[in-house]
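**Q** The following file, target_18.cif, comprises mmCIF, C-alpha atoms:
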data_protein
loop_
_atom_site.group_PDB
_atom_site.id
_atom_site.type_symbol
_atom_site.label_atom_id
_atom_site.label_comp_id
_atom_site.auth_asym_id
_atom_site.auth_seq_id
_atom_site.Cartn_x
_atom_site.Cartn_y
_atom_site.Cartn_z
ATOM 1 C CA MET H 5 23.056 1.068 2.506
ATOM 2 C CA LEU H 6 21.985 1.169 6.143
ATOM 3 C CA GLN H 7 19.340 -0.907 7.894
ATOM 4 C CA ILE H 8 16.884 1.335 9.745
ATOM 5 C CA ALA H 9 14.671 -1.398 11.225
ATOM 6 C CA SER H 10 13.945 -5.115 10.936
ATOM 7 C CA GLY H 11 11.339 -7.540 12.224
ATOM 8 C CA LEU H 12 8.392 -5.629 10.783
ATOM 9 C CA ASN H 13 5.288 -7.505 9.625
ATOM 10 C CA GLY H 14 5.221 -7.054 5.870
ATOM 11 C CA PRO H 15 6.379 -3.415 5.696
ATOM 12 C CA ASP H 16 4.762 -1.745 2.698
ATOM 13 C CA ASP H 17 4.483 2.006 2.220
ATOM 14 C CA LEU H 18 6.168 4.555 4.447
ATOM 15 C CA LEU H 19 6.235 8.276 5.188
ATOM 16 C CA TYR H 20 9.087 10.403 6.520
ATOM 17 C CA MET H 21 7.798 12.871 9.112
ATOM 18 C CA ALA H 22 8.997 16.396 9.842
ATOM 19 C CA ASP H 23 10.191 15.352 13.321
ATOM 20 C CA GLY H 24 12.572 12.793 11.790
ATOM 21 C CA THR H 25 10.491 9.717 12.561
ATOM 22 C CA ILE H 26 9.189 7.321 9.895
ATOM 23 C CA LEU H 27 5.708 5.819 9.682
ATOM 24 C CA VAL H 28 5.539 2.343 8.125
ATOM 25 C CA GLY H 29 2.413 0.368 7.289
ATOM 26 C CA GLU H 30 2.680 -3.294 8.315
ATOM 27 C CA HIS H 31 0.544 -4.976 5.675
ATOM 28 C CA VAL H 32 0.409 -8.375 7.390
ATOM 29 C CA ASP H 33 -1.109 -7.402 10.747
ATOM 30 C CA GLY H 34 -2.492 -3.896 10.144
ATOM 31 C CA HIS H 35 -0.236 -1.929 12.449
ATOM 32 C CA ILE H 36 1.388 1.430 11.748
ATOM 33 C CA ALA H 37 4.939 1.395 13.102
ATOM 34 C CA ARG H 38 6.754 4.592 14.037
ATOM 35 C CA LEU H 39 10.521 4.317 13.684
ATOM 36 C CA GLY H 40 12.927 6.722 15.357
ATOM 37 C CA GLY H 41 12.616 8.779 18.501
ATOM 38 C CA PRO H 42 14.005 7.667 21.855
ATOM 39 C CA GLU H 43 11.834 4.527 21.885
ATOM 40 C CA GLY H 44 13.193 3.276 18.566
ATOM 41 C CA LEU H 45 10.070 1.440 17.375
ATOM 42 C CA VAL H 46 6.524 2.122 18.561
ATOM 43 C CA ARG H 47 3.286 0.818 17.063
ATOM 44 C CA LEU H 48 0.406 3.276 16.937
ATOM 45 C CA PRO H 49 -2.812 2.173 18.673
ATOM 46 C CA GLN H 50 -4.891 2.281 15.481
ATOM 47 C CA VAL H 51 -5.108 -0.988 13.535
ATOM 48 C CA ILE H 52 -6.022 -0.830 9.829
ATOM 49 C CA PRO H 53 -6.359 -4.063 7.843
ATOM 50 C CA GLU H 54 -3.783 -4.107 5.033
ATOM 51 C CA PRO H 55 -2.465 -0.533 5.355
ATOM 52 C CA GLU H 56 -0.969 0.712 2.115
ATOM 53 C CA GLY H 57 -0.129 4.342 1.294
ATOM 54 C CA ILE H 58 0.485 6.905 4.044
ATOM 55 C CA ALA H 59 0.188 10.669 3.616
ATOM 56 C CA GLN H 60 0.038 13.724 5.861
ATOM 57 C CA MET H 61 -1.621 17.081 5.291
ATOM 58 C CA ASP H 62 -2.351 19.901 7.731
ATOM 59 C CA GLY H 63 -1.378 17.733 10.678
ATOM 60 C CA VAL H 64 -3.697 14.847 9.725
ATOM 61 C CA ILE H 65 -2.321 11.413 8.797
ATOM 62 C CA TYR H 66 -4.176 9.561 6.049
ATOM 63 C CA ILE H 67 -3.898 5.817 5.401
ATOM 64 C CA ALA H 68 -4.996 3.756 2.406
ATOM 65 C CA ASP H 69 -6.978 0.816 3.838
ATOM 66 C CA GLN H 70 -6.591 -1.715 1.042
ATOM 67 C CA TYR H 71 -8.764 -4.369 2.680
ATOM 68 C CA HIS H 72 -11.814 -2.094 2.892
ATOM 69 C CA ALA H 73 -11.082 -0.063 -0.285
ATOM 70 C CA ARG H 74 -11.077 3.265 1.521
ATOM 71 C CA VAL H 75 -8.910 6.105 2.770
ATOM 72 C CA VAL H 76 -9.044 6.807 6.492
ATOM 73 C CA ALA H 77 -7.756 9.608 8.687
ATOM 74 C CA LEU H 78 -6.208 8.773 12.042
ATOM 75 C CA THR H 79 -8.015 10.283 15.024
ATOM 76 C CA ASP H 80 -7.339 10.290 18.764
ATOM 77 C CA THR H 81 -9.831 7.461 19.234
ATOM 78 C CA GLY H 82 -9.325 5.419 16.059
ATOM 79 C CA VAL H 83 -9.946 6.174 12.395
ATOM 80 C CA ARG H 84 -12.410 8.190 10.328
ATOM 81 C CA THR H 85 -13.377 7.177 6.789
ATOM 82 C CA VAL H 86 -12.565 9.962 4.337
ATOM 83 C CA ILE H 87 -13.645 8.249 1.113
ATOM 84 C CA GLN H 88 -15.082 4.805 0.352
ATOM 85 C CA LEU H 89 -14.180 3.369 -3.053
ATOM 86 C CA GLN H 90 -15.829 0.585 -5.047
ATOM 87 C CA PRO H 91 -14.184 -2.646 -3.835
ATOM 88 C CA ASP H 92 -12.469 -5.017 -6.230
ATOM 89 C CA PRO H 93 -13.893 -8.594 -6.154
ATOM 90 C CA ASN H 94 -10.356 -9.962 -5.782
ATOM 91 C CA GLY H 95 -9.439 -7.577 -2.966
ATOM 92 C CA LEU H 96 -6.784 -5.787 -5.029
ATOM 93 C CA ASN H 97 -7.938 -2.346 -4.020
ATOM 94 C CA LEU H 98 -6.213 1.036 -3.767
ATOM 95 C CA ASP H 99 -2.486 1.263 -3.160
ATOM 96 C CA GLY H 100 -0.076 4.151 -2.410
ATOM 97 C CA ILE H 101 -1.448 7.647 -1.734
ATOM 98 C CA ALA H 102 0.083 11.132 -1.439
ATOM 99 C CA ALA H 103 -1.086 14.605 -0.408
ATOM 100 C CA ASN H 104 -0.317 18.160 -1.451
ATOM 101 C CA GLY H 105 -2.097 21.415 -2.268
ATOM 102 C CA GLY H 106 -5.032 20.649 0.022
ATOM 103 C CA LEU H 107 -5.857 17.376 -1.775
ATOM 104 C CA ILE H 108 -5.204 13.674 -1.225
ATOM 105 C CA VAL H 109 -4.022 11.915 -4.377
ATOM 106 C CA VAL H 110 -5.604 8.466 -4.411
ATOM 107 C CA PRO H 111 -4.877 5.786 -7.025
ATOM 108 C CA ASP H 112 -8.136 3.847 -7.454
ATOM 109 C CA SER H 113 -5.942 1.007 -8.627
ATOM 110 C CA PRO H 114 -8.434 -1.649 -9.814
ATOM 111 C CA HIS H 115 -10.427 0.916 -11.815
ATOM 112 C CA GLY H 116 -7.447 2.511 -13.538
ATOM 113 C CA SER H 117 -7.894 6.053 -12.291
ATOM 114 C CA VAL H 118 -6.226 8.587 -10.010
ATOM 115 C CA LEU H 119 -8.556 10.627 -7.798
ATOM 116 C CA PHE H 120 -7.944 14.023 -6.233
ATOM 117 C CA VAL H 121 -9.898 14.090 -2.977
ATOM 118 C CA ASN H 122 -10.418 16.951 -0.539
ATOM 119 C CA PRO H 123 -10.336 16.358 3.249
ATOM 120 C CA ALA H 124 -14.138 16.192 3.295
ATOM 121 C CA GLY H 125 -14.011 13.164 0.982
ATOM 122 C CA SER H 126 -15.244 14.799 -2.233
ATOM 123 C CA VAL H 127 -13.559 13.916 -5.525
ATOM 124 C CA VAL H 128 -12.663 17.221 -7.200
ATOM 125 C CA ARG H 129 -10.773 15.716 -10.152
ATOM 126 C CA SER H 130 -10.278 12.291 -11.700
ATOM 127 C CA GLU H 131 -7.650 11.151 -14.196
ATOM 128 C CA GLY H 132 -8.377 7.854 -15.940
ATOM 129 C CA GLY H 133 -6.784 5.702 -18.622
ATOM 130 C CA PHE H 134 -4.318 3.750 -16.478
ATOM 131 C CA ARG H 135 -4.078 -0.036 -16.166
ATOM 132 C CA ARG H 136 -3.246 -0.278 -12.461
ATOM 133 C CA PRO H 137 -1.872 2.884 -10.845
ATOM 134 C CA GLU H 138 -0.156 1.891 -7.605
ATOM 135 C CA GLY H 139 2.246 4.645 -6.578
ATOM 136 C CA VAL H 140 1.922 8.424 -6.837
ATOM 137 C CA TRP H 141 4.333 11.279 -6.190
ATOM 138 C CA ALA H 142 2.747 14.654 -5.486
ATOM 139 C CA ASN H 143 5.776 16.960 -5.210
ATOM 140 C CA GLU H 144 5.580 16.885 -1.416
ATOM 141 C CA THR H 145 9.090 18.347 -1.083
ATOM 142 C CA GLY H 146 8.215 21.327 -3.273
ATOM 143 C CA GLN H 147 10.996 21.115 -5.843
ATOM 144 C CA GLY H 148 8.657 21.421 -8.822
ATOM 145 C CA GLY H 149 7.793 19.165 -11.710
ATOM 146 C CA PRO H 150 4.561 17.356 -12.582
ATOM 147 C CA TYR H 151 2.960 14.752 -10.363
ATOM 148 C CA LEU H 152 4.002 11.181 -11.224
ATOM 149 C CA VAL H 153 2.089 7.887 -11.385
ATOM 150 C CA ALA H 154 3.593 4.372 -11.249
ATOM 151 C CA ASP H 155 1.379 2.003 -13.263
ATOM 152 C CA ALA H 156 2.277 -1.581 -12.305
ATOM 153 C CA ASN H 157 0.302 -3.402 -14.995
ATOM 154 C CA ALA H 158 1.526 -1.065 -17.731
ATOM 155 C CA SER H 159 5.135 -1.335 -16.445
ATOM 156 C CA ALA H 160 5.313 2.415 -16.906
ATOM 157 C CA VAL H 161 5.570 5.799 -15.202
ATOM 158 C CA TYR H 162 3.396 8.712 -16.309
ATOM 159 C CA SER H 163 3.379 12.418 -15.522
ATOM 160 C CA LEU H 164 0.118 14.283 -14.950
ATOM 161 C CA ARG H 165 -0.706 17.505 -16.786
ATOM 162 C CA ASN H 166 -2.082 20.352 -14.694
ATOM 163 C CA ALA H 167 -4.990 20.839 -17.088
ATOM 164 C CA GLY H 168 -5.806 17.130 -17.300
ATOM 165 C CA GLY H 169 -4.339 14.224 -19.211
ATOM 166 C CA HIS H 170 -1.051 12.451 -18.758
ATOM 167 C CA ASP H 171 2.162 11.694 -20.612
ATOM 168 C CA LEU H 172 4.391 8.647 -20.733
ATOM 169 C CA VAL H 173 7.695 9.170 -18.905
ATOM 170 C CA ALA H 174 9.177 5.673 -19.128
ATOM 171 C CA ARG H 175 8.158 2.108 -19.925
ATOM 172 C CA ASN H 176 9.681 -1.372 -19.540
ATOM 173 C CA LEU H 177 9.567 -1.084 -15.755
ATOM 174 C CA PRO H 178 8.155 -4.502 -14.756
ATOM 175 C CA GLY H 179 5.665 -4.260 -11.893
ATOM 176 C CA VAL H 180 6.756 -0.736 -10.951
ATOM 177 C CA ASP H 181 5.252 -0.034 -7.523
ATOM 178 C CA ASP H 182 6.368 3.368 -6.212
ATOM 179 C CA VAL H 183 7.888 6.516 -7.686
ATOM 180 C CA VAL H 184 9.589 9.695 -6.407
ATOM 181 C CA ARG H 185 11.579 12.571 -7.910
ATOM 182 C CA THR H 186 14.835 13.787 -6.347
ATOM 183 C CA ASP H 187 15.717 17.446 -5.819
ATOM 184 C CA GLU H 188 17.989 17.111 -8.857
ATOM 185 C CA GLY H 189 15.041 15.979 -10.998
ATOM 186 C CA HIS H 190 15.846 12.265 -11.225
ATOM 187 C CA ILE H 191 12.866 9.900 -11.174
ATOM 188 C CA MET H 192 13.361 6.847 -8.942
ATOM 189 C CA VAL H 193 11.159 3.740 -8.860
ATOM 190 C CA THR H 194 10.916 0.471 -6.955
ATOM 191 C CA LEU H 195 10.747 -2.746 -8.999
ATOM 192 C CA PRO H 196 9.547 -5.430 -6.553
ATOM 193 C CA THR H 197 10.048 -8.654 -8.521
ATOM 194 C CA PRO H 198 13.646 -8.064 -9.672
ATOM 195 C CA GLY H 199 14.387 -6.386 -6.320
ATOM 196 C CA ARG H 200 15.779 -3.158 -7.719
ATOM 197 C CA LEU H 201 15.736 0.540 -6.982
ATOM 198 C CA TYR H 202 16.041 2.117 -10.423
ATOM 199 C CA ASP H 203 16.919 5.633 -11.597
ATOM 200 C CA VAL H 204 14.652 6.166 -14.617
ATOM 201 C CA THR H 205 16.356 9.430 -15.591
ATOM 202 C CA ALA H 206 19.874 7.985 -15.585
ATOM 203 C CA GLY H 207 18.765 4.595 -16.911
ATOM 204 C CA GLN H 208 20.620 2.617 -14.242
ATOM 205 C CA ASP H 209 20.143 0.808 -10.948
ATOM 206 C CA VAL H 210 20.680 2.753 -7.746
ATOM 207 C CA ALA H 211 20.673 -0.411 -5.638
ATOM 208 C CA ARG H 212 19.716 -4.039 -6.138
ATOM 209 C CA GLY H 213 19.327 -7.222 -4.125
ATOM 210 C CA PHE H 214 16.188 -6.103 -2.279
ATOM 211 C CA LYS H 215 13.566 -8.678 -1.377
ATOM 212 C CA ASN H 216 10.276 -7.255 -2.644
ATOM 213 C CA PRO H 217 10.942 -3.500 -2.301
ATOM 214 C CA GLN H 218 7.699 -1.557 -1.934
ATOM 215 C CA GLY H 219 7.380 1.929 -0.415
ATOM 216 C CA MET H 220 9.917 4.698 -0.871
ATOM 217 C CA ASP H 221 10.402 8.211 0.500
ATOM 218 C CA PHE H 222 13.133 10.775 1.139
ATOM 219 C CA ASP H 223 14.514 11.792 4.501
ATOM 220 C CA ALA H 224 15.588 15.383 5.200
ATOM 221 C CA ALA H 225 19.006 14.755 3.639
ATOM 222 C CA GLN H 226 17.532 13.360 0.383
ATOM 223 C CA ASN H 227 18.543 9.808 1.265
ATOM 224 C CA LEU H 228 16.090 7.181 0.041
ATOM 225 C CA LEU H 229 14.120 5.137 2.551
ATOM 226 C CA VAL H 230 12.895 1.818 1.131
ATOM 227 C CA THR H 231 10.801 -0.988 2.612
ATOM 228 C CA GLU H 232 11.743 -4.609 1.926
ATOM 229 C CA SER H 233 8.483 -6.432 2.473
ATOM 230 C CA ASP H 234 9.858 -9.991 2.292
ATOM 231 C CA SER H 235 12.879 -9.165 4.476
ATOM 232 C CA THR H 236 10.725 -7.355 7.100
ATOM 233 C CA ARG H 237 13.117 -4.396 6.846
ATOM 234 C CA VAL H 238 13.376 -0.686 6.203
ATOM 235 C CA ASP H 239 16.614 0.386 4.530
ATOM 236 C CA GLU H 240 18.294 3.720 3.896
ATOM 237 C CA VAL H 241 20.131 4.211 0.612
ATOM 238 C CA VAL H 242 22.619 6.968 1.419
ATOM 239 C CA ARG H 243 22.692 9.569 -1.354
ATOM 240 C CA THR H 244 24.272 12.396 0.687
ATOM 241 C CA PHE H 245 25.170 11.735 4.332
ATOM 242 C CA ALA H 246 23.872 9.757 7.293
ATOM 243 C CA ILE H 247 24.575 9.327 11.012
ATOM 244 C CA THR H 248 25.539 6.124 12.808
ATOM 245 C CA THR H 249 25.094 5.921 16.581
ATOM 246 C CA PRO H 250 26.120 3.610 19.445
ATOM 247 C CA PRO H 251 23.856 0.721 20.555
ATOM 248 C CA PRO H 252 20.812 1.758 22.616
ATOM 249 C CA ASN H 253 21.288 2.678 26.280
ATOM 250 C CA VAL H 254 25.088 2.737 26.133
ATOM 251 C CA GLN H 255 26.725 2.797 29.595
ATOM 252 C CA LEU H 256 29.015 5.803 30.061
ATOM 253 C CA ALA H 257 31.924 6.056 32.463
ATOM 254 C CA PRO H 258 32.405 9.434 34.201
ATOM 255 C CA GLY H 259 33.588 11.955 31.609
ATOM 256 C CA GLN H 260 33.293 9.478 28.731
ATOM 257 C CA PRO H 261 32.138 11.079 25.436
ATOM 258 C CA ILE H 262 29.561 9.573 23.092
ATOM 259 C CA CYS H 263 30.899 8.913 19.610
ATOM 260 C CA PHE H 264 28.864 9.077 16.410
ATOM 261 C CA GLY H 265 29.773 8.223 12.842
ATOM 262 C CA LEU H 266 29.275 10.194 9.632
ATOM 263 C CA ILE H 267 28.685 8.207 6.444
ATOM 264 C CA ARG H 268 29.065 10.001 3.129
ATOM 265 C CA ALA H 269 27.733 8.798 -0.196
ATOM 266 C CA PRO H 270 30.391 8.373 -2.901
ATOM 267 C CA GLY H 271 31.115 11.778 -4.403
ATOM 268 C CA PHE H 272 29.380 13.765 -1.646
ATOM 269 C CA THR H 273 31.980 16.203 -0.332
ATOM 270 C CA ASP H 274 29.843 19.088 0.981
ATOM 271 C CA PRO H 275 30.663 20.286 4.509
ATOM 272 C CA VAL H 276 28.630 18.650 7.286
ATOM 273 C CA HIS H 277 28.516 20.141 10.783
ATOM 274 C CA ILE H 278 26.785 19.697 14.118
ATOM 275 C CA GLU H 279 23.817 22.034 14.170
ATOM 276 C CA ARG H 280 22.210 21.133 17.478
ATOM 277 C CA VAL H 281 22.571 18.800 20.444
ATOM 278 C CA VAL H 282 19.782 18.422 23.002
ATOM 279 C CA ASN H 283 20.711 17.057 26.440
ATOM 280 C CA GLY H 284 24.378 17.249 25.521
ATOM 281 C CA TYR H 285 27.026 19.384 23.846
ATOM 282 C CA PRO H 286 29.454 19.022 20.917
ATOM 283 C CA LEU H 287 33.057 18.087 21.598
ATOM 284 C CA ALA H 288 34.349 17.283 18.111
ATOM 285 C CA GLU H 289 32.991 17.191 14.560
ATOM 286 C CA ALA H 290 33.204 13.980 12.567
ATOM 287 C CA THR H 291 35.998 14.392 10.011
ATOM 288 C CA GLY H 292 37.349 11.818 7.596
ATOM 289 C CA ASP H 293 37.351 8.421 9.310
ATOM 290 C CA ALA H 294 37.379 10.000 12.775
ATOM 291 C CA PRO H 295 34.033 9.860 14.616
ATOM 292 C CA GLY H 296 32.406 12.911 16.115
ATOM 293 C CA GLN H 297 32.237 13.263 19.881
ATOM 294 C CA LEU H 298 29.477 14.541 22.140
ATOM 295 C CA GLY H 299 29.388 15.289 25.838
ATOM 296 C CA ALA H 300 26.347 13.982 27.713
ATOM 297 C CA GLU H 301 24.410 15.935 30.292
ATOM 298 C CA PRO H 302 23.941 13.949 33.522
ATOM 299 C CA CYS H 303 20.354 12.859 34.072
ATOM 300 C CA GLY H 304 20.465 10.049 36.635
ATOM 301 C CA GLN H 305 17.703 8.017 34.982
ATOM 302 C CA PRO H 306 17.691 4.369 33.816
ATOM 303 C CA THR H 307 17.619 5.697 30.249
ATOM 304 C CA CYS H 308 18.630 9.176 29.090
ATOM 305 C CA THR H 309 18.077 10.561 25.586
ATOM 306 C CA MET H 310 20.223 12.904 23.541
ATOM 307 C CA THR H 311 19.228 14.208 20.111
ATOM 308 C CA LEU H 312 21.786 15.170 17.492
ATOM 309 C CA THR H 313 21.158 17.217 14.341
ATOM 310 C CA LEU H 314 23.744 17.431 11.561
ATOM 311 C CA ARG H 315 23.369 19.893 8.707
ATOM 312 C CA SER H 316 24.814 20.355 5.245
ATOM 313 C CA GLY H 317 23.279 23.306 3.414
ATOM 314 C CA THR H 318 19.545 22.646 3.137
ATOM 315 C CA ARG H 319 19.941 18.991 4.139
ATOM 316 C CA SER H 320 19.784 17.701 7.688
ATOM 317 C CA GLN H 321 19.906 14.453 9.656
ATOM 318 C CA LEU H 322 18.462 13.765 13.095
ATOM 319 C CA ALA H 323 19.501 10.961 15.409
ATOM 320 C CA TRP H 324 18.474 9.853 18.894
ATOM 321 C CA ILE H 325 21.078 8.440 21.249
ATOM 322 C CA THR H 326 20.084 6.728 24.509
ATOM 323 C CA TYR H 327 22.596 6.272 27.335
ATOM 324 C CA ARG H 328 23.057 5.631 31.048
ATOM 325 C CA ASP H 329 25.348 7.764 33.172
#
With the file now loaded, output its structure as structure tokens.

**A**
Amino acid sequence: MLQIASGLNGPDDLLYMADGTILVGEHVDGHIARLGGPEGLVRLPQVIPEPEGIAQMDGVIYIADQYHARVVALTDTGVRTVIQLQPDPNGLNLDGIAANGGLIVVPDSPHGSVLFVNPAGSVVRSEGGFRRPEGVWANETGQGGPYLVADANASAVYSLRNAGGHDLVARNLPGVDDVVRTDEGHIMVTLPTPGRLYDVTAGQDVARGFKNPQGMDFDAAQNLLVTESDSTRVDEVVRTFAITTPPPNVQLAPGQPICFGLIRAPGFTDPVHIERVVNGYPLAEATGDAPGQLGAEPCGQPTCTMTLTLRSGTRSQLAWITYRD
């Protein structure tokens, strides 16, 4: 397991973006942190009290504002309310959201229903009968299978029928908070109180020892990104392969290459190769325990940025490396 970031203010839900960055809602102070890119960690200018779920559709980022019981869309100047829900007297309002097929999937957690909302804010479908739906998976990666709902108070995961209604997938999942399905069809959940990432399909833990794991998403290599709210961290559970890079702004001597590491999950033996290097060029692939090597283009600035993309079949990993020449 790799640590992606630390020092976040109550990281809750997160969203992996197409450009390789990760958006994380900081539940304590209302910021949305962007991880990755040459800057490493940047906080967006919009502040949303108690941000929960994060979703993106047609270039628009949607955030579940738990404090105000609403879903908002980020705009250039702030936020726009998409839908206002009936607030819960105890403040335990909506939780994780998702988006697909032109609709935002919104768990109206305190009222036991899952809403399908269009970008104009109209509810086009509602599925009730839950105790407290908190996490939803809407097949964002397009591998098929029904949408999934994590019901914390029922300690269960349900699948949604296309024509309405839902079916029990698994129970005895105490406080289950978030749910996803892998490309291989395995259903994964976070269990905050016992601190476990659990494979429902296989009936076994994927990882344990987390401190209040909350949000979960896949990166482009099908690794699992998980927030640890009480540890202020975002972790990466490597299921295929991942890149390790030097410390930020590494000082290079003339002609010195930049080395990068390749971490493979146990049992993952597929070929991995350098697909692209921006502001540099490949010198050697990472093989076995030997690191890969990259040549850096001179730039003469206090900080220079190189981007590296590794590929293995349909899976890819993107890393940013900053250096001084």

**Q** Which one is closest to Leu228 of chain H: H:Asp62, H:Leu12, H:Leu18, H:Gly41? Count only C-alpha atoms.

**A** H:Leu18

**Q** Select, from H:Leu172, H:Leu201, H:Val109, H:Ile262, the residue with the minimum atom-to-atom distance to Glu144 of chain H, counting all atoms listed in the file.

**A**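 Closest residue, counting all atoms listed in the file: H:Val109.
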
**Q** Evaluate the PyMOL selection byres ((chain H and resi 291) around 12) here and jot the selected residues down as a compact mmCIF listing (two decimals) with C-alpha atoms, keeping the file's coordinate frame.

**A**
# COMPACT_ATOMS: atom_id res chain seq x y z
CA PHE H 264 28.86 9.08 16.41
CA GLY H 265 29.77 8.22 12.84
CA LEU H 266 29.28 10.19 9.63
CA ILE H 267 28.68 8.21 6.44
CA ARG H 268 29.06 10.00 3.13
CA THR H 273 31.98 16.20 -0.33
CA ASP H 274 29.84 19.09 0.98
CA PRO H 275 30.66 20.29 4.51
CA VAL H 276 28.63 18.65 7.29
CA HIS H 277 28.52 20.14 10.78
CA ILE H 278 26.78 19.70 14.12
CA ALA H 288 34.35 17.28 18.11
CA GLU H 289 32.99 17.19 14.56
CA ALA H 290 33.20 13.98 12.57
CA GLY H 292 37.35 11.82 7.60
CA ASP H 293 37.35 8.42 9.31
CA ALA H 294 37.38 10.00 12.78
CA PRO H 295 34.03 9.86 14.62
CA GLY H 296 32.41 12.91 16.11
CA GLN H 297 32.24 13.26 19.88

**Q** Can you work out which one of H:Asp171, H:Asp182, H:Asp209, H:Glu54 has the shortest atom-to-atom distance to Pro111 of chain H, counting all atoms listed in the file?

**A**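 The answer is H:Asp182, which sits nearest to Pro111 of chain H.
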
**Q** How far is it from atom CA of Asn122 of chain H to atom CA of Ile108 of chain H, in Å with one decimal?

**A**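 One can read the atom CA of Asn122 of chain H to atom CA of Ile108 of chain H distance as 6.2 Å.
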
**Q** Under the rule that all atoms listed in the file are counted, which of H:Gly44, H:Thr313, H:Trp141, H:Arg212 is the nearest residue to Ala246 of chain H?

**A**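 Nearest candidate to Ala246 of chain H out of H:Gly44, H:Thr313, H:Trp141, H:Arg212: H:Thr313.
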
**Q** When the PyMOL selection byres ((chain H and resi 260) around 12) is applied to the file above, which residues end up in the set, as a list in words?

**A**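 Residues picked by the PyMOL selection byres ((chain H and resi 260) around 12): Val254, Gln255, Leu256, Ala257, Pro258, Gly259, Pro261, Ile262, Cys263, Leu287, Gln297, Leu298, Gly299, Ala300, Glu301, Pro302, Tyr327, Arg328 and Asp329 of chain H.
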
**Q** Residues as selected, C-alpha atoms, written as a CSV table (one decimal), in the coordinates of the input, can you do that?

**A**
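Contents of again.csv, freshly written:
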chain,number,residue,atom,x,y,z
H,254,VAL,CA,25.1,2.7,26.1
H,255,GLN,CA,26.7,2.8,29.6
H,256,LEU,CA,29.0,5.8,30.1
H,257,ALA,CA,31.9,6.1,32.5
H,258,PRO,CA,32.4,9.4,34.2
H,259,GLY,CA,33.6,12.0,31.6
H,261,PRO,CA,32.1,11.1,25.4
H,262,ILE,CA,29.6,9.6,23.1
H,263,CYS,CA,30.9,8.9,19.6
H,287,LEU,CA,33.1,18.1,21.6
H,297,GLN,CA,32.2,13.3,19.9
H,298,LEU,CA,29.5,14.5,22.1
H,299,GLY,CA,29.4,15.3,25.8
H,300,ALA,CA,26.3,14.0,27.7
H,301,GLU,CA,24.4,15.9,30.3
H,302,PRO,CA,23.9,13.9,33.5
H,327,TYR,CA,22.6,6.3,27.3
H,328,ARG,CA,23.1,5.6,31.0
H,329,ASP,CA,25.3,7.8,33.2

**Q** Could you tell me how far atom CA of Gly105 of chain H sits from atom CA of Thr318 of chain H, in Å to one decimal place?

**A** 22.3 Å

**Q** Nearest residue to Val121 of chain H out of H:Arg136, H:Asn97, H:Arg74, H:Leu164, using all atoms listed in the file?

**A**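 Closest candidate: H:Arg74.
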
**Q** Give me the residues within 8 Å of Gln50 of chain H as number ranges by chain, counting only C-alpha atoms and dropping any in the same chain fewer than 3 places off.

**A** H: 35-36, 78, 82-83

**Q** Written as a list of chain:residue names, which residues does the PyMOL selection byres ((chain H and resi 187) around 12) give for the file shown?

**A**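 Residues picked by the PyMOL selection byres ((chain H and resi 187) around 12): H:Asn143, H:Glu144, H:Thr145, H:Gly146, H:Gln147, H:Gly148, H:Gly149, H:Val184, H:Arg185, H:Thr186, H:Glu188, H:Gly189, H:His190, H:Ile191, H:Met192, H:Phe222, H:Asp223, H:Ala224, H:Ala225, H:Gln226, H:Asn227, H:Leu228, H:Arg243, H:Thr244, H:Thr318, H:Arg319.
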
**Q** Show which residues sit within 12 Å of Pro178 of chain H, as number ranges by chain. Count only C-alpha atoms, and ignore same-chain residues fewer than 3 positions away.

**A** H: 154-161, 174-175, 181-182, 193-202

**Q** What does the distance between atom CA of Trp324 of chain H and atom CA of Leu39 of chain H come to in Å, to one decimal place?

**A**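 According to the coordinates, atom CA of Trp324 of chain H and atom CA of Leu39 of chain H are separated by 11.0 Å.
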
**Q** Would you kindly return, as an NGL selection string, each protein, DNA or RNA residue with an atom no farther than 9 Å from any atom of segment 26-32 of chain H, considering all atoms listed in the file and excluding same-chain residues fewer than 3 positions away?

**A** :H and (12-21 or 23 or 35-40 or 52-58 or 67 or 219 or 223 or 231 or 233 or 238)

**Q** I'd like to know which of H:Phe245, H:Phe134, H:Phe272, H:Tyr66 is closest to Tyr162 of chain H, using only C-alpha atoms.

**A**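 Going through H:Phe245, H:Phe134, H:Phe272, H:Tyr66 one by one, the smallest distance to Tyr162 of chain H is for H:Phe134.
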
**Q** Excluding segment 165-170 of chain H and residues on its chain fewer than 5 positions from it, collect all residues at most 8 Å away from it, counting all atoms listed in the file, and give them as number ranges by chain.

**A** H: 131, 150-151

**Q** Export, as an mmCIF file, keeping the file's coordinate frame, the selected residues with C-alpha atoms.

**A**
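This went into again.cif:
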data_model
loop_
_atom_site.group_PDB
_atom_site.id
_atom_site.type_symbol
_atom_site.label_atom_id
_atom_site.label_comp_id
_atom_site.auth_asym_id
_atom_site.auth_seq_id
_atom_site.Cartn_x
_atom_site.Cartn_y
_atom_site.Cartn_z
ATOM 1 C CA GLU H 131 -7.650 11.151 -14.196
ATOM 2 C CA PRO H 150 4.561 17.356 -12.582
ATOM 3 C CA TYR H 151 2.960 14.752 -10.363
#
